[in-house]
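Peer 1: As input, take run-v2.txt (compact mmCIF, N, CA and C atoms):
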```
# COMPACT_ATOMS: atom_id res chain seq x y z
N MET A 1 -7.40 15.68 18.62
CA MET A 1 -7.18 14.44 17.91
C MET A 1 -8.04 13.35 18.53
N ALA A 2 -8.33 12.36 17.76
CA ALA A 2 -9.17 11.28 18.23
C ALA A 2 -8.36 9.98 18.31
N TYR A 3 -8.42 9.19 17.28
CA TYR A 3 -7.71 7.93 17.26
C TYR A 3 -6.38 8.07 16.53
N VAL A 4 -5.42 7.21 16.91
CA VAL A 4 -4.07 7.25 16.35
C VAL A 4 -3.69 5.82 15.95
N ILE A 5 -3.06 5.69 14.80
CA ILE A 5 -2.56 4.39 14.35
C ILE A 5 -1.08 4.33 14.72
N THR A 6 -0.69 3.23 15.35
CA THR A 6 0.66 3.11 15.90
C THR A 6 1.49 2.05 15.18
N GLU A 7 2.63 1.73 15.75
CA GLU A 7 3.68 0.90 15.14
C GLU A 7 3.22 -0.43 14.52
N PRO A 8 2.31 -1.17 15.13
CA PRO A 8 1.95 -2.46 14.51
C PRO A 8 1.43 -2.35 13.07
N CYS A 9 1.01 -1.16 12.65
CA CYS A 9 0.51 -0.98 11.28
C CYS A 9 1.64 -0.89 10.26
N ILE A 10 2.83 -0.52 10.70
CA ILE A 10 3.93 -0.30 9.77
C ILE A 10 4.21 -1.57 8.97
N GLY A 11 4.17 -1.40 7.66
CA GLY A 11 4.41 -2.51 6.76
C GLY A 11 3.21 -3.41 6.53
N VAL A 12 2.15 -3.26 7.32
CA VAL A 12 0.98 -4.12 7.20
C VAL A 12 -0.09 -3.45 6.33
N LYS A 13 -0.53 -2.29 6.75
CA LYS A 13 -1.55 -1.50 6.04
C LYS A 13 -2.71 -2.38 5.54
N ASP A 14 -3.34 -3.09 6.44
CA ASP A 14 -4.42 -4.02 6.13
C ASP A 14 -5.64 -3.35 5.49
N LYS A 15 -5.95 -2.15 5.89
CA LYS A 15 -7.04 -1.32 5.35
C LYS A 15 -8.44 -1.75 5.77
N SER A 16 -8.57 -2.71 6.67
CA SER A 16 -9.88 -3.04 7.22
C SER A 16 -10.46 -1.81 7.92
N CYS A 17 -9.58 -1.02 8.51
CA CYS A 17 -10.02 0.18 9.21
C CYS A 17 -10.62 1.19 8.24
N GLN A 18 -10.03 1.30 7.05
CA GLN A 18 -10.58 2.22 6.05
C GLN A 18 -11.99 1.81 5.65
N ASP A 19 -12.21 0.52 5.47
CA ASP A 19 -13.52 0.02 5.09
C ASP A 19 -14.56 0.26 6.19
N ALA A 20 -14.14 0.19 7.45
CA ALA A 20 -15.06 0.34 8.58
C ALA A 20 -15.36 1.80 8.92
N CYS A 21 -14.51 2.72 8.48
CA CYS A 21 -14.66 4.13 8.85
C CYS A 21 -15.86 4.76 8.12
N PRO A 22 -16.84 5.26 8.86
CA PRO A 22 -18.02 5.84 8.22
C PRO A 22 -17.79 7.21 7.60
N VAL A 23 -16.68 7.86 7.92
CA VAL A 23 -16.42 9.20 7.37
C VAL A 23 -15.16 9.24 6.49
N ALA A 24 -14.60 8.11 6.19
CA ALA A 24 -13.43 8.00 5.31
C ALA A 24 -12.29 8.95 5.71
N CYS A 25 -11.89 8.88 6.98
CA CYS A 25 -10.84 9.77 7.47
C CYS A 25 -9.49 9.08 7.62
N ILE A 26 -9.34 7.87 7.07
CA ILE A 26 -8.09 7.13 7.19
C ILE A 26 -7.39 7.15 5.83
N TYR A 27 -6.14 7.58 5.86
CA TYR A 27 -5.37 7.78 4.63
C TYR A 27 -4.11 6.93 4.65
N GLU A 28 -3.66 6.56 3.47
CA GLU A 28 -2.46 5.74 3.36
C GLU A 28 -1.22 6.60 3.19
N GLY A 29 -0.24 6.34 4.04
CA GLY A 29 1.06 6.97 3.92
C GLY A 29 2.05 5.96 3.36
N GLU A 30 3.30 6.36 3.29
CA GLU A 30 4.31 5.48 2.72
C GLU A 30 4.49 4.19 3.51
N ASP A 31 4.51 4.30 4.84
CA ASP A 31 4.79 3.12 5.66
C ASP A 31 3.62 2.63 6.51
N GLN A 32 2.57 3.43 6.64
CA GLN A 32 1.44 3.04 7.48
C GLN A 32 0.21 3.86 7.10
N LEU A 33 -0.91 3.59 7.77
CA LEU A 33 -2.13 4.36 7.58
C LEU A 33 -2.20 5.43 8.66
N TYR A 34 -2.95 6.50 8.37
CA TYR A 34 -3.07 7.63 9.30
C TYR A 34 -4.54 8.06 9.40
N ILE A 35 -4.93 8.51 10.58
CA ILE A 35 -6.29 9.01 10.81
C ILE A 35 -6.25 10.53 10.87
N ASN A 36 -7.05 11.16 10.02
CA ASN A 36 -7.11 12.62 10.02
C ASN A 36 -7.88 13.09 11.26
N PRO A 37 -7.22 13.78 12.17
CA PRO A 37 -7.88 14.19 13.42
C PRO A 37 -9.00 15.21 13.21
N ASP A 38 -8.96 15.94 12.12
CA ASP A 38 -10.00 16.94 11.85
C ASP A 38 -11.26 16.31 11.27
N GLU A 39 -11.14 15.10 10.76
CA GLU A 39 -12.28 14.41 10.15
C GLU A 39 -12.85 13.30 11.02
N CYS A 40 -12.06 12.76 11.91
CA CYS A 40 -12.47 11.63 12.76
C CYS A 40 -13.62 12.06 13.68
N ILE A 41 -14.63 11.18 13.78
CA ILE A 41 -15.78 11.47 14.63
C ILE A 41 -15.76 10.66 15.93
N ASP A 42 -14.63 10.06 16.26
CA ASP A 42 -14.45 9.31 17.51
C ASP A 42 -15.39 8.13 17.67
N CYS A 43 -15.77 7.48 16.60
CA CYS A 43 -16.73 6.38 16.70
C CYS A 43 -16.08 5.07 17.15
N GLY A 44 -14.79 4.89 16.89
CA GLY A 44 -14.09 3.67 17.30
C GLY A 44 -14.27 2.48 16.37
N ALA A 45 -14.96 2.65 15.27
CA ALA A 45 -15.19 1.54 14.34
C ALA A 45 -13.88 0.98 13.82
N CYS A 46 -12.91 1.83 13.59
CA CYS A 46 -11.61 1.39 13.07
C CYS A 46 -10.86 0.54 14.08
N GLU A 47 -10.92 0.94 15.31
CA GLU A 47 -10.20 0.24 16.38
C GLU A 47 -10.69 -1.21 16.50
N GLU A 48 -11.97 -1.41 16.37
CA GLU A 48 -12.57 -2.73 16.53
C GLU A 48 -12.13 -3.72 15.46
N VAL A 49 -11.85 -3.25 14.25
CA VAL A 49 -11.54 -4.16 13.15
C VAL A 49 -10.06 -4.30 12.83
N CYS A 50 -9.22 -3.52 13.46
CA CYS A 50 -7.78 -3.57 13.17
C CYS A 50 -7.22 -4.95 13.54
N PRO A 51 -6.69 -5.69 12.55
CA PRO A 51 -6.21 -7.04 12.83
C PRO A 51 -4.90 -7.10 13.62
N VAL A 52 -4.19 -5.98 13.70
CA VAL A 52 -2.92 -5.96 14.43
C VAL A 52 -2.97 -5.09 15.69
N SER A 53 -4.16 -4.66 16.07
CA SER A 53 -4.37 -3.83 17.28
C SER A 53 -3.44 -2.62 17.31
N ALA A 54 -3.43 -1.89 16.21
CA ALA A 54 -2.55 -0.72 16.09
C ALA A 54 -3.25 0.59 16.41
N ILE A 55 -4.57 0.58 16.58
CA ILE A 55 -5.33 1.82 16.72
C ILE A 55 -5.76 2.03 18.17
N TYR A 56 -5.47 3.24 18.67
CA TYR A 56 -5.80 3.60 20.04
C TYR A 56 -6.38 5.01 20.07
N TYR A 57 -7.25 5.24 21.04
CA TYR A 57 -7.68 6.61 21.30
C TYR A 57 -6.44 7.33 21.82
N GLU A 58 -6.28 8.58 21.46
CA GLU A 58 -5.05 9.31 21.78
C GLU A 58 -4.64 9.18 23.25
N ASP A 59 -5.57 9.29 24.15
CA ASP A 59 -5.26 9.22 25.58
C ASP A 59 -4.84 7.81 26.02
N ASP A 60 -5.11 6.81 25.20
CA ASP A 60 -4.82 5.43 25.56
C ASP A 60 -3.62 4.83 24.83
N VAL A 61 -2.93 5.63 24.04
CA VAL A 61 -1.76 5.12 23.31
C VAL A 61 -0.70 4.68 24.33
N PRO A 62 -0.21 3.44 24.20
CA PRO A 62 0.83 2.98 25.13
C PRO A 62 2.06 3.87 25.08
N ASP A 63 2.73 3.98 26.20
CA ASP A 63 3.90 4.86 26.32
C ASP A 63 4.93 4.63 25.22
N GLU A 64 5.18 3.38 24.87
CA GLU A 64 6.22 3.09 23.87
C GLU A 64 5.86 3.58 22.47
N TRP A 65 4.58 3.93 22.26
CA TRP A 65 4.13 4.40 20.95
C TRP A 65 3.61 5.84 20.97
N LYS A 66 3.88 6.58 22.02
CA LYS A 66 3.41 7.97 22.12
C LYS A 66 3.93 8.83 20.96
N SER A 67 5.08 8.49 20.41
CA SER A 67 5.64 9.28 19.31
C SER A 67 4.74 9.24 18.07
N TYR A 68 3.88 8.26 17.99
CA TYR A 68 2.97 8.14 16.84
C TYR A 68 1.88 9.20 16.85
N ILE A 69 1.62 9.78 18.00
CA ILE A 69 0.65 10.88 18.07
C ILE A 69 1.19 12.05 17.24
N GLU A 70 2.44 12.39 17.46
CA GLU A 70 3.07 13.48 16.72
C GLU A 70 3.28 13.11 15.25
N LYS A 71 3.65 11.86 15.00
CA LYS A 71 3.84 11.39 13.63
C LYS A 71 2.53 11.55 12.85
N ASN A 72 1.41 11.23 13.47
CA ASN A 72 0.10 11.38 12.83
C ASN A 72 -0.19 12.86 12.53
N ARG A 73 0.05 13.72 13.50
CA ARG A 73 -0.17 15.16 13.30
C ARG A 73 0.67 15.68 12.14
N ASN A 74 1.93 15.30 12.13
CA ASN A 74 2.85 15.76 11.09
C ASN A 74 2.43 15.31 9.69
N PHE A 75 1.87 14.12 9.59
CA PHE A 75 1.43 13.61 8.29
C PHE A 75 0.40 14.54 7.65
N PHE A 76 -0.49 15.07 8.46
CA PHE A 76 -1.55 15.93 7.92
C PHE A 76 -1.15 17.40 7.83
N GLN A 77 0.02 17.76 8.34
CA GLN A 77 0.50 19.13 8.23
C GLN A 77 1.37 19.31 6.99
N GLN A 78 1.69 18.24 6.31
CA GLN A 78 2.55 18.31 5.11
C GLN A 78 1.80 18.93 3.95
```
Just give me the structure of the file as structure tokens.
Peer 2:
Amino acid sequence: MAYVITEPCIGVKDKSCQDACPVACIYEGEDQLYINPDECIDCGACEEVCPVSAIYYEDDVPDEWKSYIEKNRNFFQQ
């Protein structure tokens, strides 16, 4: 996995990250946006433009939001 979208995105879904993504790997879910780990090229373009600072590289996700790593994986396994 590469980048993960965490709790600050819930209810916001600004989509600036979708516009910045060069490979269109960000998808909209019911409550937030998700990054497809199989499509992400680790460029970080999404992280730079997120207005709510919800996007982190997987290894850098704050402890309180680690559950979003699994939530992201589960979204793409459905």
Peer 1: Can you tell me which residues surround Asp31 of chain A at a distance of at most 6.5 Å, considering all atoms listed in the file, apart from same-chain residues fewer than 5 positions away, and format the answer as number ranges by chain?
Peer 2: A: 9-13
Peer 1: Please list as number ranges by chain every residue within 7 Å of Gln18 of chain A, counting only N, CA and C atoms and excluding residues in the same chain fewer than 6 positions away.
Peer 2: A: 24-27, 46
Peer 1: Considering all atoms listed in the file, state which residue in the set A:Leu33, A:Val49, A:Val23, A:Cys43 is at the smallest distance from Ile5 of chain A.
Peer 2: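 Ranking A:Leu33, A:Val49, A:Val23, A:Cys43 by distance to Ile5 of chain A, first place goes to A:Leu33.
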Peer 1: For Gly29 of chain A, which residue out of A:Ser53, A:Asp42, A:Phe75, A:Trp65 is the nearest one, using only N, CA and C atoms?
Peer 2: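 Using only N, CA and C atoms, the shortest distance to Gly29 of chain A belongs to A:Phe75.
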Peer 1: Could you write out, as a list in words, all the residues of chain A that DSSP marks as strand (DSSP E or B)?
Peer 2: Tyr3, Val4, Ile5, Ile26, Tyr27, Glu28, Leu33, Tyr34, Ile35, Ile55, Tyr56 and Tyr57 of chain A
Peer 1: Would you pick out the contacts of Thr6 of chain A at 6 Å or less, using only N, CA and C atoms, so that residues sharing its chain but fewer than 4 positions from it are not included, and give the list as a VMD selection string?
Peer 2: chain A and resid 10 54 to 56 68
Peer 1: State, in Å with one decimal place, the distance from atom CA of Asp38 of chain A to atom N of Asp59 of chain A.
Peer 2: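 Separation between atom CA of Asp38 of chain A and atom N of Asp59 of chain A: 15.1 Å.
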Peer 1: Give the helix (DSSP H, G or I) residues of segment 29-62 of chain A, as assigned by DSSP on the backbone, as a PyMOL selection string.
Peer 2: chain A and resi 45-49+58-60
Peer 1: Find the residue from A:Val61, A:Cys50, A:Ala45, A:Ile69 that sits nearest to Pro22 of chain A; use all atoms listed in the file when measuring.
Peer 2: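 Going through A:Val61, A:Cys50, A:Ala45, A:Ile69 one by one, the smallest distance to Pro22 of chain A is for A:Ala45.
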Peer 1: Could you tell me how far atom CA of Glu58 of chain A sits from atom CA of Cys40 of chain A, in Å to one decimal place?
Peer 2: 11.9 Å
Peer 1: Atom CA of Ala20 of chain A to atom CA of Gln78 of chain A: how many Å, to one decimal?
Peer 2: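 Those two atoms sit 25.4 Å apart.
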Peer 1: Assuming 5 Å of padding per side, give the centre and edge lengths of the axis-aligned box around every listed atom of segment 26-37 of chain A, in Å to one decimal and as AutoDock Vina command-line options.
Peer 2:
```
--center_x -2.3 --center_y 8.9 --center_z 8.1 --size_x 24.1 --size_y 22.6 --size_z 20.7
```
